[in-house]
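K.L.:
Sharing my_file11.cif (mmCIF, C-alpha atoms) below.
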data_input
loop_
_atom_site.label_atom_id
_atom_site.label_comp_id
_atom_site.auth_asym_id
_atom_site.auth_seq_id
_atom_site.Cartn_x
_atom_site.Cartn_y
_atom_site.Cartn_z
CA MET A 74 -14.27 -37.73 -32.19
CA ARG A 75 -10.78 -37.52 -33.71
CA THR A 76 -11.74 -34.31 -35.50
CA ILE A 77 -12.82 -32.70 -32.22
CA LEU A 78 -9.62 -33.80 -30.47
CA ALA A 79 -7.44 -32.63 -33.35
CA THR A 80 -9.24 -29.28 -33.52
CA THR A 81 -8.85 -28.81 -29.76
CA LEU A 82 -5.12 -29.59 -29.94
CA VAL A 83 -4.63 -27.15 -32.82
CA ILE A 84 -6.50 -24.39 -30.92
CA VAL A 85 -4.41 -24.99 -27.78
CA LEU A 86 -1.18 -25.01 -29.82
CA VAL A 87 -2.13 -21.75 -31.57
CA GLN A 88 -2.92 -20.14 -28.18
CA VAL A 89 0.38 -21.28 -26.67
CA LEU A 90 2.38 -20.09 -29.68
CA GLY A 91 0.44 -16.79 -29.78
CA THR A 92 1.10 -16.20 -26.08
CA ALA A 93 4.79 -17.04 -26.50
CA ALA A 94 5.04 -14.69 -29.48
CA ALA A 95 3.39 -11.87 -27.50
CA VAL A 96 5.70 -12.39 -24.52
CA TYR A 97 8.93 -12.64 -26.53
CA SER A 98 8.04 -9.79 -28.88
CA GLY A 99 7.75 -7.35 -25.97
CA VAL A 100 4.32 -6.15 -27.15
CA PHE A 101 3.04 -6.13 -23.57
CA ASN A 102 4.29 -2.91 -21.95
CA VAL A 103 5.29 -3.49 -18.30
CA ALA A 104 5.95 0.22 -17.59
CA ALA A 105 4.22 1.63 -14.51
CA THR A 106 3.23 4.60 -16.66
CA ASP A 107 1.10 2.44 -18.98
CA ALA A 108 -2.26 1.15 -17.75
CA HIS A 109 -3.20 -2.51 -18.15
CA TRP A 110 -5.44 -3.53 -21.00
CA SER A 111 -9.07 -3.64 -19.84
CA LEU A 112 -9.28 -7.43 -20.05
CA THR A 113 -5.97 -7.80 -18.19
CA GLN A 114 -7.24 -5.54 -15.39
CA VAL A 115 -10.49 -7.50 -15.08
CA VAL A 116 -8.58 -10.79 -14.80
CA ILE A 117 -6.09 -9.39 -12.26
CA ASP A 118 -8.85 -7.87 -10.11
CA ALA A 119 -10.91 -11.05 -10.13
CA ALA A 120 -7.88 -13.20 -9.30
CA ARG A 121 -6.83 -10.88 -6.46
CA VAL A 122 -10.27 -10.72 -4.85
CA ARG A 123 -10.98 -14.45 -5.18
CA SER A 124 -7.50 -15.37 -3.91
CA ILE A 125 -7.80 -13.20 -0.81
CA LYS A 126 -11.31 -14.40 0.00
CA ALA A 127 -10.37 -18.05 -0.40
CA ARG A 128 -7.23 -17.82 1.72
CA ALA A 129 -8.76 -15.67 4.47
CA ALA A 130 -12.00 -17.60 4.84
CA ASP A 131 -11.01 -19.33 8.09
CA ILE A 132 -9.19 -16.44 9.77
CA VAL A 133 -11.01 -15.39 12.94
CA PRO A 134 -10.25 -12.01 14.50
CA PRO A 135 -9.53 -11.71 18.21
CA VAL A 136 -12.51 -10.82 20.39
CA ASN A 137 -10.83 -7.61 21.58
CA LEU A 138 -10.25 -6.22 18.08
CA ALA A 139 -12.06 -2.97 18.90
CA ASP A 140 -9.96 -2.35 22.04
CA HIS A 141 -8.60 1.21 22.04
CA LYS A 142 -5.06 0.05 22.91
CA ARG A 143 -5.07 -2.06 19.75
CA VAL A 144 -6.20 0.93 17.68
CA VAL A 145 -3.42 3.11 19.14
CA ALA A 146 -0.78 0.44 18.49
CA GLY A 147 -2.10 -0.01 14.95
CA THR A 148 -1.97 3.75 14.43
CA SER A 149 1.70 3.68 15.35
CA HIS A 150 2.55 1.18 12.62
CA PHE A 151 0.24 2.77 10.06
CA ALA A 152 1.67 6.25 10.63
CA GLU A 153 5.24 4.99 10.33
CA HIS A 154 4.95 2.52 7.47
CA CYS A 155 1.65 2.83 5.59
CA VAL A 156 0.61 6.47 5.36
CA ALA A 157 3.26 7.32 2.74
CA CYS A 158 1.47 5.12 0.22
CA HIS A 159 -2.11 4.92 1.48
CA SER A 160 -2.54 8.45 2.94
CA ALA A 161 -4.61 9.16 6.07
CA PRO A 162 -7.15 11.75 7.15
CA GLY A 163 -5.39 15.07 6.55
CA VAL A 164 -2.24 13.41 5.18
CA GLN A 165 -1.55 13.05 1.46
CA SER A 166 0.32 10.07 0.09
CA GLY A 167 3.99 10.63 -0.75
CA GLU A 168 5.69 11.13 -4.10
CA LEU A 169 6.69 7.47 -4.36
CA ALA A 170 3.04 6.39 -4.21
CA LYS A 171 2.10 8.80 -6.99
CA GLY A 172 4.46 6.97 -9.36
CA MET A 173 3.19 3.48 -8.55
CA TYR A 174 0.93 1.41 -10.76
CA PRO A 175 -1.47 0.33 -9.63
CA GLN A 176 -1.91 3.30 -7.32
CA PRO A 177 -2.02 2.28 -3.64
CA PRO A 178 -5.63 2.53 -2.54
CA VAL A 179 -6.83 5.04 0.01
CA LEU A 180 -7.86 2.73 2.85
CA THR A 181 -10.75 4.80 4.20
CA ASP A 182 -13.27 2.22 2.99
CA SER A 183 -11.11 -0.89 3.40
CA ALA A 184 -13.12 -2.05 6.43
CA LYS A 185 -16.28 -1.86 4.33
CA GLU A 186 -14.73 -3.77 1.42
CA TRP A 187 -12.81 -6.45 3.35
CA SER A 188 -13.54 -8.45 6.49
CA PRO A 189 -11.08 -8.27 9.40
CA GLY A 190 -9.71 -11.71 8.44
CA GLN A 191 -9.20 -10.60 4.85
CA LEU A 192 -7.40 -7.42 5.96
CA PHE A 193 -5.21 -9.54 8.24
CA TRP A 194 -4.34 -11.83 5.33
CA ILE A 195 -3.54 -8.90 3.01
CA ILE A 196 -1.27 -7.21 5.56
CA THR A 197 0.43 -10.48 6.46
CA ASN A 198 1.08 -11.68 2.91
CA GLY A 199 1.13 -8.57 0.72
CA ILE A 200 -0.09 -8.52 -2.88
CA LYS A 201 2.12 -9.54 -5.81
CA MET A 202 2.96 -6.88 -8.40
CA SER A 203 1.14 -4.14 -6.53
CA GLY A 204 3.81 -2.69 -4.28
CA MET A 205 2.00 -4.00 -1.16
CA PRO A 206 4.67 -5.81 0.87
CA SER A 207 4.23 -8.64 3.32
CA TRP A 208 5.20 -7.94 6.93
CA PRO A 209 7.08 -11.06 8.08
CA GLY A 210 8.72 -9.25 11.03
CA LEU A 211 5.43 -8.44 12.73
CA THR A 212 3.66 -10.69 15.21
CA ASP A 213 0.03 -11.69 14.74
CA ASP A 214 -0.81 -9.27 17.55
CA ASP A 215 0.91 -6.41 15.67
CA LEU A 216 -1.00 -7.31 12.51
CA TRP A 217 -4.34 -7.41 14.32
CA ASN A 218 -3.53 -3.98 15.79
CA ILE A 219 -3.25 -2.60 12.25
CA VAL A 220 -6.58 -4.24 11.37
CA ALA A 221 -8.08 -2.62 14.49
CA PHE A 222 -6.88 0.77 13.23
CA LEU A 223 -8.30 0.10 9.75
CA GLN A 224 -11.67 -0.82 11.29
CA LYS A 225 -11.85 2.68 12.85
CA LEU A 226 -10.57 4.52 9.77
CA PRO A 227 -13.92 4.94 7.93
CA SER A 228 -15.29 7.22 10.64
CA MET A 229 -12.00 8.98 11.41
CA SER A 230 -11.56 12.71 10.96
CA GLU A 231 -8.26 14.52 10.52
CA GLN A 232 -8.45 15.54 14.19
CA ASN A 233 -9.16 11.94 15.30
CA TYR A 234 -6.16 10.68 13.32
CA GLY A 235 -3.89 13.40 14.72
CA ASP A 236 -5.02 12.59 18.26
CA LEU A 237 -4.33 8.88 17.73
CA VAL A 238 -0.86 9.64 16.36
CA LYS A 239 -0.09 11.78 19.43
CA GLU A 240 -1.42 9.04 21.68
CA ALA A 241 0.74 6.45 19.90
CA ILE A 242 3.81 8.63 20.35
CA ALA A 243 3.00 9.19 24.03
CA ALA A 244 2.59 5.42 24.47
CA ARG A 245 5.90 4.97 22.66
CA GLY A 246 4.33 2.89 19.93
CA HIS A 247 6.52 0.34 18.25
CA ALA A 248 7.42 2.58 15.33
CA THR A 249 6.89 6.22 16.17
CA GLY A 250 9.08 6.52 19.24
CA GLY A 251 9.20 9.56 21.45
CA SER A 252 12.35 11.40 20.44
CA ALA A 253 13.29 13.43 17.41
CA ALA A 254 14.20 11.45 14.34
CA PRO A 255 17.85 11.48 13.23
CA ASP A 256 16.99 13.84 10.37
CA GLY A 257 15.64 16.41 12.84
CA CYS A 258 11.98 15.87 12.00
CA ALA A 259 9.77 16.00 15.10
CA PRO A 260 8.18 12.60 15.72
CA GLU A 261 4.65 14.04 15.58
CA ARG A 262 5.25 15.44 12.10
CA ARG A 263 7.07 12.32 10.92
CA ALA A 264 4.33 9.96 12.20
CA ALA A 265 1.70 12.04 10.46
CA GLY A 266 3.58 11.74 7.17
CA HIS A 267 4.77 15.36 7.03
CA CYS A 268 8.50 14.62 6.75
#
Just dump the structure as structure tokens.
P.N.:
Amino acid sequence: MRTILATTLVIVLVQVLGTAAAVYSGVFNVAATDAHWSLTQVVIDAARVRSIKARAADIVPPVNLADHKRVVAGTSHFAEHCVACHSAPGVQSGELAKGMYPQPPVLTDSAKEWSPGQLFWIITNGIKMSGMPSWPGLTDDDLWNIVAFLQKLPSMSEQNYGDLVKEAIAARGHATGGSAAPDGCAPERRAAGHC
């Protein structure tokens, strides 16, 4: 029994010292231009998915999630704050997103991959070391509006997205406004990620 305990302690000590040596030597490259090791990526992905599913398990979406007004309001926020990284139908992601690692995902299939409660949790809390911020200034209603937009995104064409952006501007959505931006970019072009 003592041999097993001693062997276990030696193994743990070697692992701790090996980890410390790797960290302090700088062997792990944290540059956004260098991909994770395969094992590191597997562990990160598993931890992210399991964490989100565990924390979002009891989140129940509102019954009116599919309401068109919610989708329009969610479009407003998405067009103003999300499209630069995640793109949209007919809109490419911006230069900043191209330099991020991991790359921000295109959200076309997010409603197929994540439940509404899980999307709500992700938007509310963000994801560490991914560039995905939390949105502490938004109300739960605002967050559910974004989820409502994401639920419609899988079947959305470029024309559908453009129409929703115009509708959000006409409704004076929370972010897109109805007047020209200070830099002279028309709100329709700005909301669609063109300037």
K.L.:
Set the distance at 10 Å and use all atoms listed in the file: which residues neighbour segment 200-214 of chain A once local chain neighbours fewer than 6 positions away are removed? I'd like the list as a PyMOL selection string.
P.N.:
chain A and resi 121+125+135+138+143+146-147+155+158+170+173-177+193-194+220
K.L.:
Of the candidates A:Ser98, A:Asn218, A:Thr80, A:Thr113, which one gets nearest to Asp140 of chain A if we count only C-alpha atoms?
P.N.:
A:Asn218
K.L.:
Please tell me which residues are no farther than 12 Å from (-11.4, -17.4, 7.7) in the file, counting only C-alpha atoms, and write them as a VMD selection string.
P.N.:
chain A and resid 125 to 134 187 to 194
K.L.:
Starting from the displayed file, determine the output of the PyMOL selection byres ((chain A and resi 166) around 10) and express the residue list as a PyMOL selection string.
P.N.:
chain A and resi 155-161+163-165+167-171+177-179+266-267
K.L.:
Could you please determine the separation between atom CA of Asp215 of chain A and atom CA of Lys142 of chain A in Å, to one decimal place?
P.N.:
11.4 Å
K.L.:
Go ahead and compute the interatomic distance for atom CA of Gln224 of chain A and atom CA of Ala184 of chain A, in Å to one decimal.
P.N.:
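Rounded to one decimal, the two atoms are 5.2 Å apart.
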K.L.:
For Ile195 of chain A, which residue out of A:Ile219, A:Val100, A:Ile117, A:Ala95 is the nearest one, using all atoms listed in the file?
P.N.:
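Among the listed residues, A:Ile219 lies closest to Ile195 of chain A.
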K.L.:
Applied to this file, what does the PyMOL selection byres ((chain A and resi 181) around 6) return in terms of residues, put as a PDB file with C-alpha atoms, in the coordinates of the input?
P.N.:
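And here's selection.pdb as it stands now:
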ATOM      1  CA  VAL A 179      -6.830   5.040   0.010  1.00  0.00           C
ATOM      2  CA  LEU A 180      -7.860   2.730   2.850  1.00  0.00           C
ATOM      3  CA  ASP A 182     -13.270   2.220   2.990  1.00  0.00           C
ATOM      4  CA  SER A 183     -11.110  -0.890   3.400  1.00  0.00           C
ATOM      5  CA  LEU A 226     -10.570   4.520   9.770  1.00  0.00           C
ATOM      6  CA  PRO A 227     -13.920   4.940   7.930  1.00  0.00           C
TER       7      PRO A 227
END
K.L.:
Figure out the distance between atom CA of Asn233 of chain A and atom CA of Val144 of chain A, please, to one decimal in Å.
P.N.:
11.6 Å
K.L.:
Would you give the centre and edge lengths, in Å to one decimal, of a box along x, y and z around the listed atoms of segment 80-96 of chain A, with 3 Å added to each side, as lines of an AutoDock Vina configuration file?
P.N.:
center_x = -1.8
center_y = -20.7
center_z = -29.0
size_x = 20.9
size_y = 23.7
size_z = 15.0
